[in-house]
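Okay, structure first, notes after.
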Amino acid sequence: MSKIEICALASGSNGNCYYIGNDKEALLVDAGLSARQLQMRLAERQIDQRKIKAVLITHEHSDHCRGARVLGKRFQIPVYLTKKTFLAMRKAVQPETPRWFEPNQDFQVGEFLVTPFAKQHDAADACSFRISYAGKHVGVMTDIGEACDRVKEQFSQCHAVFLESNYDHDMLMNGPYPYYLKQRVSSSRGHLSNEQACDLLQDHAGAELHTIFLSHLSGENNTPEKAYAVFEPLSTTYRIELTSRHGATELVEI
């Protein structure tokens, strides 16, 4: 039987990288780690890096793309991104082997069908992805200011989702960030709070959804305990997993 295995190799405001693979091939979403760190975390999970066929970049913020150039070169794989994202990246991290995609237009990478869709975030051309193989769908949905209709539609089709649960509202508002940054994080082009993410799950989960990775937790404005506490009432219905900025999660079979 065909299967997908997924894990978060890194997730947080200091670096993001998500692994989605089958028996023969795999994709990475985002390259917010150094190639060295990425190789170490793949080895920890006994993942053969030769399976990785491409990297998909969501947007140009450094915690999502700082490793794009070196990773593409070292692994000798293409880096998929939009032209606007490429031009908005620092030249030092622009990949040597870019492959273009257009938001809201599906494309194929090996055996995986990739559905990129535009989202609301303060970046040049921010996209999230739904990745499909053998009738199973995995969403990578972080860096979302608010859940627009495209996000809701794609979310409803997923079996598993890496879902942004970025901040606790009270921690953000009472914390050390300057006012403008608090406004930016909590705006419709910022990030999803724990409560907003939970609302998305409760209101728009499809019948096939069973696994949620709470992702992109802020190191300053959230804690794993606070994020999990919001979702705990749903833990009898869904498998709720926490991600970390410090290491890879376990591989989960979908």
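Naming works like this for the structure tokens: A, B, ... for the chains as they're shown, residue 1 at the start of each chain, ligands 1 onward in shown order.
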Open item on the list: Using DSSP assignments from the backbone, pull out every residue in range 56-233 of chain A that falls under strand (DSSP E) and give it to me as a ChimeraX atom specification.
Closed with: /A:56,79-81,98-100,107-109,112-118,127-133,136-141,160-164,211-215
TODO: May I have the residues within 8 Å of range 32-44 of chain A as a list in words, using only C-alpha atoms and disregarding those fewer than 4 positions away in the same chain?
DONE: Leu9, Ala10, Asn14, Gly15, Asn16, Cys17, Asp48, Gln49, Ser62, Asp63, His64, Cys65, Arg66, Gly67, Ala68, Val70, Leu71, Arg74, Gly247 and Ala248 of chain A
Selection from above, all heavy atoms, as a short mmCIF file (atom, residue, chain, number, x, y, z; two decimals), in the first residue's frame, can you write it?
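Listed below is the output, again-v9.cif:
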```cif
data_model
loop_
_atom_site.label_atom_id
_atom_site.label_comp_id
_atom_site.auth_asym_id
_atom_site.auth_seq_id
_atom_site.Cartn_x
_atom_site.Cartn_y
_atom_site.Cartn_z
N LEU A 9 11.40 19.00 10.02
CA LEU A 9 12.83 18.99 10.33
C LEU A 9 13.21 20.19 11.16
O LEU A 9 14.15 20.14 11.95
CB LEU A 9 13.64 18.94 9.04
CG LEU A 9 13.46 17.63 8.24
CD1 LEU A 9 13.98 17.81 6.81
CD2 LEU A 9 14.16 16.48 8.92
N ALA A 10 12.49 21.28 10.99
CA ALA A 10 12.63 22.49 11.81
C ALA A 10 11.37 23.31 11.64
O ALA A 10 10.81 23.37 10.54
CB ALA A 10 13.85 23.30 11.40
N ASN A 14 13.05 30.83 13.79
CA ASN A 14 14.48 30.80 13.47
C ASN A 14 14.80 29.86 12.31
O ASN A 14 15.95 29.77 11.89
CB ASN A 14 15.30 30.39 14.70
CG ASN A 14 14.99 28.97 15.15
OD1 ASN A 14 13.90 28.47 14.91
ND2 ASN A 14 15.95 28.33 15.80
N GLY A 15 13.81 29.13 11.80
CA GLY A 15 14.08 28.25 10.68
C GLY A 15 12.97 27.25 10.46
O GLY A 15 12.43 26.70 11.42
N ASN A 16 12.63 27.01 9.19
CA ASN A 16 11.54 26.12 8.84
C ASN A 16 11.93 25.20 7.69
O ASN A 16 12.51 25.65 6.69
CB ASN A 16 10.30 26.93 8.42
CG ASN A 16 9.76 27.76 9.56
OD1 ASN A 16 8.95 27.29 10.35
ND2 ASN A 16 10.22 29.00 9.67
N CYS A 17 11.59 23.91 7.84
CA CYS A 17 11.83 22.94 6.78
C CYS A 17 10.96 21.72 7.07
O CYS A 17 11.04 21.15 8.17
CB CYS A 17 13.31 22.55 6.71
SG CYS A 17 13.71 21.46 5.34
N ASP A 48 17.24 9.00 3.84
CA ASP A 48 18.26 9.04 2.79
C ASP A 48 18.09 10.33 1.99
O ASP A 48 17.07 10.52 1.32
CB ASP A 48 18.10 7.83 1.88
CG ASP A 48 19.19 7.73 0.81
OD1 ASP A 48 19.97 8.69 0.66
OD2 ASP A 48 19.24 6.70 0.12
N GLN A 49 19.07 11.22 2.07
CA GLN A 49 18.94 12.51 1.39
C GLN A 49 18.85 12.36 -0.12
O GLN A 49 18.36 13.28 -0.81
CB GLN A 49 20.11 13.43 1.76
CG GLN A 49 21.44 13.05 1.16
CD GLN A 49 22.55 14.02 1.58
OE1 GLN A 49 22.72 14.31 2.74
NE2 GLN A 49 23.29 14.52 0.60
N SER A 62 13.90 35.05 5.64
CA SER A 62 15.12 34.24 5.78
C SER A 62 14.89 32.93 6.52
O SER A 62 15.58 31.94 6.27
CB SER A 62 16.21 35.05 6.48
OG SER A 62 15.83 35.40 7.80
N ASP A 63 13.93 32.89 7.44
CA ASP A 63 13.69 31.65 8.17
C ASP A 63 13.03 30.58 7.30
O ASP A 63 12.80 29.46 7.75
CB ASP A 63 12.85 31.91 9.44
CG ASP A 63 11.52 32.58 9.16
OD1 ASP A 63 11.48 33.48 8.30
OD2 ASP A 63 10.52 32.24 9.81
N HIS A 64 12.77 30.92 6.04
CA HIS A 64 12.20 29.96 5.10
C HIS A 64 13.10 29.68 3.90
O HIS A 64 12.86 28.72 3.18
CB HIS A 64 10.84 30.46 4.60
CG HIS A 64 9.82 30.54 5.69
ND1 HIS A 64 8.92 29.55 5.96
CD2 HIS A 64 9.61 31.51 6.62
CE1 HIS A 64 8.17 29.89 7.00
NE2 HIS A 64 8.57 31.08 7.42
N CYS A 65 14.11 30.52 3.69
CA CYS A 65 14.89 30.35 2.46
C CYS A 65 16.39 30.52 2.62
O CYS A 65 17.11 30.44 1.63
CB CYS A 65 14.38 31.31 1.38
SG CYS A 65 14.81 33.04 1.66
N ARG A 66 16.90 30.72 3.82
CA ARG A 66 18.33 31.04 3.95
C ARG A 66 19.24 29.93 3.43
O ARG A 66 20.36 30.19 3.01
CB ARG A 66 18.68 31.38 5.40
CG ARG A 66 18.61 30.25 6.39
CD ARG A 66 19.30 30.63 7.71
NE ARG A 66 18.65 31.75 8.37
CZ ARG A 66 17.67 31.63 9.28
NH1 ARG A 66 17.23 30.43 9.62
NH2 ARG A 66 17.15 32.69 9.84
N GLY A 67 18.76 28.69 3.43
CA GLY A 67 19.59 27.59 2.95
C GLY A 67 19.34 27.20 1.51
O GLY A 67 19.92 26.22 1.02
N ALA A 68 18.51 27.96 0.79
CA ALA A 68 18.05 27.53 -0.54
C ALA A 68 19.20 27.35 -1.53
O ALA A 68 19.26 26.35 -2.25
CB ALA A 68 17.03 28.52 -1.08
N VAL A 70 22.60 26.98 -1.07
CA VAL A 70 23.57 25.93 -0.75
C VAL A 70 22.92 24.56 -0.82
O VAL A 70 23.51 23.59 -1.32
CB VAL A 70 24.18 26.17 0.65
CG1 VAL A 70 25.08 25.01 1.05
CG2 VAL A 70 24.96 27.48 0.65
N LEU A 71 21.69 24.46 -0.35
CA LEU A 71 20.99 23.18 -0.35
C LEU A 71 20.78 22.67 -1.78
O LEU A 71 21.04 21.50 -2.08
CB LEU A 71 19.65 23.33 0.36
CG LEU A 71 18.79 22.08 0.50
CD1 LEU A 71 19.55 21.00 1.25
CD2 LEU A 71 17.50 22.42 1.22
N ARG A 74 24.29 21.60 -3.08
CA ARG A 74 24.87 20.43 -2.44
C ARG A 74 24.09 19.16 -2.76
O ARG A 74 24.68 18.10 -2.98
CB ARG A 74 24.95 20.62 -0.92
CG ARG A 74 25.65 19.48 -0.20
CD ARG A 74 25.89 19.81 1.26
NE ARG A 74 26.77 20.95 1.45
CZ ARG A 74 27.16 21.42 2.63
NH1 ARG A 74 26.72 20.81 3.74
NH2 ARG A 74 27.95 22.47 2.72
N GLY A 247 14.90 20.66 16.84
CA GLY A 247 15.14 19.33 16.30
C GLY A 247 13.96 18.84 15.49
O GLY A 247 12.88 19.46 15.46
N ALA A 248 14.17 17.73 14.79
CA ALA A 248 13.14 17.16 13.95
C ALA A 248 12.12 16.39 14.78
O ALA A 248 12.44 15.81 15.81
CB ALA A 248 13.76 16.22 12.92
#
```
Task: Counting only C-alpha atoms, the option among A:Gly139, A:Asp122, A:Leu217, A:His204 closest to Ser187 in chain A - done: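 Smallest distance to Ser187 in chain A is found for A:Asp122.
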Task: Spatial neighbours of Glu146 in chain A, max dist 9 Å, only C-alpha atoms, sep filter under 5 positions, as a PyMOL selection string - done: chain A and resi 119-121+151+187-192+196
Export of prior selection with N, CA, C and O atoms as a PDB file, in the first residue's frame:
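Now in selection.pdb:
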```pdb
ATOM      1  N   LYS A 119      -1.675  33.165  -0.341  1.00  0.00           N
ATOM      2  CA  LYS A 119      -2.186  33.368   1.012  1.00  0.00           C
ATOM      3  C   LYS A 119      -1.878  34.795   1.436  1.00  0.00           C
ATOM      4  O   LYS A 119      -1.134  35.518   0.765  1.00  0.00           O
ATOM      5  N   GLN A 120      -2.421  35.204   2.572  1.00  0.00           N
ATOM      6  CA  GLN A 120      -2.213  36.559   3.074  1.00  0.00           C
ATOM      7  C   GLN A 120      -1.044  36.582   4.055  1.00  0.00           C
ATOM      8  O   GLN A 120      -1.141  36.065   5.167  1.00  0.00           O
ATOM      9  N   HIS A 121       0.056  37.167   3.601  1.00  0.00           N
ATOM     10  CA  HIS A 121       1.242  37.306   4.434  1.00  0.00           C
ATOM     11  C   HIS A 121       2.068  38.449   3.877  1.00  0.00           C
ATOM     12  O   HIS A 121       2.005  38.746   2.683  1.00  0.00           O
ATOM     13  N   VAL A 151      -7.201  29.191   1.545  1.00  0.00           N
ATOM     14  CA  VAL A 151      -6.652  28.388   2.643  1.00  0.00           C
ATOM     15  C   VAL A 151      -7.710  27.431   3.174  1.00  0.00           C
ATOM     16  O   VAL A 151      -7.441  26.229   3.380  1.00  0.00           O
ATOM     17  N   SER A 187      -1.791  41.107  12.491  1.00  0.00           N
ATOM     18  CA  SER A 187      -2.581  41.661  11.389  1.00  0.00           C
ATOM     19  C   SER A 187      -3.032  40.557  10.437  1.00  0.00           C
ATOM     20  O   SER A 187      -2.622  39.395  10.542  1.00  0.00           O
ATOM     21  N   SER A 188      -3.837  40.938   9.460  1.00  0.00           N
ATOM     22  CA  SER A 188      -4.335  39.986   8.463  1.00  0.00           C
ATOM     23  C   SER A 188      -3.249  39.545   7.492  1.00  0.00           C
ATOM     24  O   SER A 188      -3.481  38.669   6.648  1.00  0.00           O
ATOM     25  N   ARG A 189      -2.057  40.142   7.591  1.00  0.00           N
ATOM     26  CA  ARG A 189      -0.912  39.717   6.777  1.00  0.00           C
ATOM     27  C   ARG A 189       0.250  39.256   7.653  1.00  0.00           C
ATOM     28  O   ARG A 189       1.398  39.236   7.224  1.00  0.00           O
ATOM     29  N   GLY A 190      -0.087  38.866   8.891  1.00  0.00           N
ATOM     30  CA  GLY A 190       0.939  38.414   9.823  1.00  0.00           C
ATOM     31  C   GLY A 190       0.908  36.915  10.016  1.00  0.00           C
ATOM     32  O   GLY A 190       1.215  36.149   9.105  1.00  0.00           O
ATOM     33  N   HIS A 191       0.498  36.499  11.222  1.00  0.00           N
ATOM     34  CA  HIS A 191       0.523  35.086  11.581  1.00  0.00           C
ATOM     35  C   HIS A 191      -0.784  34.676  12.255  1.00  0.00           C
ATOM     36  O   HIS A 191      -1.529  35.517  12.746  1.00  0.00           O
ATOM     37  N   LEU A 192      -1.022  33.365  12.297  1.00  0.00           N
ATOM     38  CA  LEU A 192      -2.186  32.840  13.000  1.00  0.00           C
ATOM     39  C   LEU A 192      -1.865  32.622  14.471  1.00  0.00           C
ATOM     40  O   LEU A 192      -0.831  32.040  14.812  1.00  0.00           O
ATOM     41  N   GLN A 196      -6.822  31.245  16.491  1.00  0.00           N
ATOM     42  CA  GLN A 196      -7.217  31.325  15.083  1.00  0.00           C
ATOM     43  C   GLN A 196      -6.962  29.995  14.370  1.00  0.00           C
ATOM     44  O   GLN A 196      -7.770  29.559  13.548  1.00  0.00           O
TER      45      GLN A 196
END
```
Task: Pick from A:Leu209, A:Met89, A:Cys127, A:Leu163, whichever lies nearest to Val140 in chain A using only C-alpha atoms - done: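 Among A:Leu209, A:Met89, A:Cys127, A:Leu163, it is A:Leu163 that comes nearest to Val140 in chain A.
Atom to atom, CA of Gly72 in chain A and CA of Ala92 in chain A stand 13.0 Å apart.
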Task: Which of A:Leu200, A:Ile254, A:Val161, A:Val79 sits closest to Phe213 in chain A [using only C-alpha atoms] - done: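 Smallest distance to Phe213 in chain A is found for A:Val161.
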Task: Residue neighbourhood Ile4 in chain A, 9 Å, only C-alpha atoms, exclusion window fewer than 6 positions, as a list in words - done: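 The residues that qualify are Ile20, Gly21, Asn22, Asp23, Tyr133, Ala134, Lys136, Val138, Val252, Glu253 and Ile254 of chain A.
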Next, dump the selected residues to file, keeping only N, CA, C and O atoms, as a PDB file, in the first residue's frame.
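File produced: result_1.pdb:
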```pdb
ATOM      1  N   ILE A  20       8.284  15.640   3.230  1.00  0.00           N
ATOM      2  CA  ILE A  20       7.149  14.836   2.771  1.00  0.00           C
ATOM      3  C   ILE A  20       7.703  13.828   1.776  1.00  0.00           C
ATOM      4  O   ILE A  20       8.246  14.204   0.731  1.00  0.00           O
ATOM      5  N   GLY A  21       7.599  12.540   2.095  1.00  0.00           N
ATOM      6  CA  GLY A  21       8.218  11.540   1.243  1.00  0.00           C
ATOM      7  C   GLY A  21       7.418  10.263   1.132  1.00  0.00           C
ATOM      8  O   GLY A  21       6.625   9.927   2.018  1.00  0.00           O
ATOM      9  N   ASN A  22       7.651   9.525   0.032  1.00  0.00           N
ATOM     10  CA  ASN A  22       7.132   8.167  -0.094  1.00  0.00           C
ATOM     11  C   ASN A  22       8.318   7.205  -0.052  1.00  0.00           C
ATOM     12  O   ASN A  22       9.399   7.565   0.414  1.00  0.00           O
ATOM     13  N   ASP A  23       8.148   5.982  -0.554  1.00  0.00           N
ATOM     14  CA  ASP A  23       9.223   4.999  -0.460  1.00  0.00           C
ATOM     15  C   ASP A  23      10.439   5.368  -1.297  1.00  0.00           C
ATOM     16  O   ASP A  23      11.571   5.002  -0.962  1.00  0.00           O
ATOM     17  N   TYR A 133      -0.145  12.574  -3.112  1.00  0.00           N
ATOM     18  CA  TYR A 133       0.424  11.342  -3.647  1.00  0.00           C
ATOM     19  C   TYR A 133      -0.490  10.181  -3.265  1.00  0.00           C
ATOM     20  O   TYR A 133      -0.881  10.060  -2.098  1.00  0.00           O
ATOM     21  N   ALA A 134      -0.845   9.374  -4.255  1.00  0.00           N
ATOM     22  CA  ALA A 134      -1.648   8.173  -4.029  1.00  0.00           C
ATOM     23  C   ALA A 134      -2.939   8.474  -3.260  1.00  0.00           C
ATOM     24  O   ALA A 134      -3.331   7.728  -2.364  1.00  0.00           O
ATOM     25  N   LYS A 136      -3.537  10.803  -1.144  1.00  0.00           N
ATOM     26  CA  LYS A 136      -3.356  11.402   0.179  1.00  0.00           C
ATOM     27  C   LYS A 136      -2.801  12.812   0.022  1.00  0.00           C
ATOM     28  O   LYS A 136      -1.992  13.075  -0.856  1.00  0.00           O
ATOM     29  N   VAL A 138      -1.215  16.347   1.934  1.00  0.00           N
ATOM     30  CA  VAL A 138      -0.532  16.955   3.076  1.00  0.00           C
ATOM     31  C   VAL A 138      -0.435  18.452   2.833  1.00  0.00           C
ATOM     32  O   VAL A 138       0.054  18.888   1.785  1.00  0.00           O
ATOM     33  N   VAL A 252       5.993  10.529  10.780  1.00  0.00           N
ATOM     34  CA  VAL A 252       4.623  10.062  10.955  1.00  0.00           C
ATOM     35  C   VAL A 252       4.111   9.557   9.606  1.00  0.00           C
ATOM     36  O   VAL A 252       4.225  10.249   8.598  1.00  0.00           O
ATOM     37  N   GLU A 253       3.563   8.366   9.615  1.00  0.00           N
ATOM     38  CA  GLU A 253       3.017   7.797   8.377  1.00  0.00           C
ATOM     39  C   GLU A 253       1.588   8.243   8.191  1.00  0.00           C
ATOM     40  O   GLU A 253       0.777   8.181   9.108  1.00  0.00           O
ATOM     41  N   ILE A 254       1.280   8.697   6.984  1.00  0.00           N
ATOM     42  CA  ILE A 254      -0.057   9.178   6.650  1.00  0.00           C
ATOM     43  C   ILE A 254      -0.774   8.104   5.826  1.00  0.00           C
ATOM     44  O   ILE A 254      -0.259   7.669   4.812  1.00  0.00           O
TER      45      ILE A 254
END
```
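Rounded to one decimal, CA of Ser2 in chain A and CA of Thr236 in chain A lie 26.1 Å from each other.
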TODO: Using only C-alpha atoms, find the one residue out of A:Glu25, A:Glu111, A:Glu220, A:Asp30 that sits nearest to Met141 in chain A.
DONE: A:Asp30
Open item on the list: Give me, as an NGL selection string, all polymer residues having an atom no more than 9 Å from Lys73 in chain A, counting only C-alpha atoms and skipping those fewer than 5 positions away in the same chain.
Closed with: :A and (68 or 78 or 95-97)
Task: Straight-line distance linking CA of Asn174 in chain A with CA of Asp203 in chain A, stated in Å to one decimal - done: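 So the answer is 28.5 Å.
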- [ ] Between A:Ala124, A:Lys3, A:Ile47, A:Cys148, single out the one closest to Tyr19 in chain A, counting only C-alpha atoms.
- [x]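 Among A:Ala124, A:Lys3, A:Ile47, A:Cys148, it is A:Ile47 that comes nearest to Tyr19 in chain A.
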Task: Counting only C-alpha atoms, the residue of A:His61, A:Arg150, A:Arg245, A:His159 that sits nearest Asn104 in chain A - done: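 For Asn104 in chain A, the nearest of the given residues is A:Arg150.
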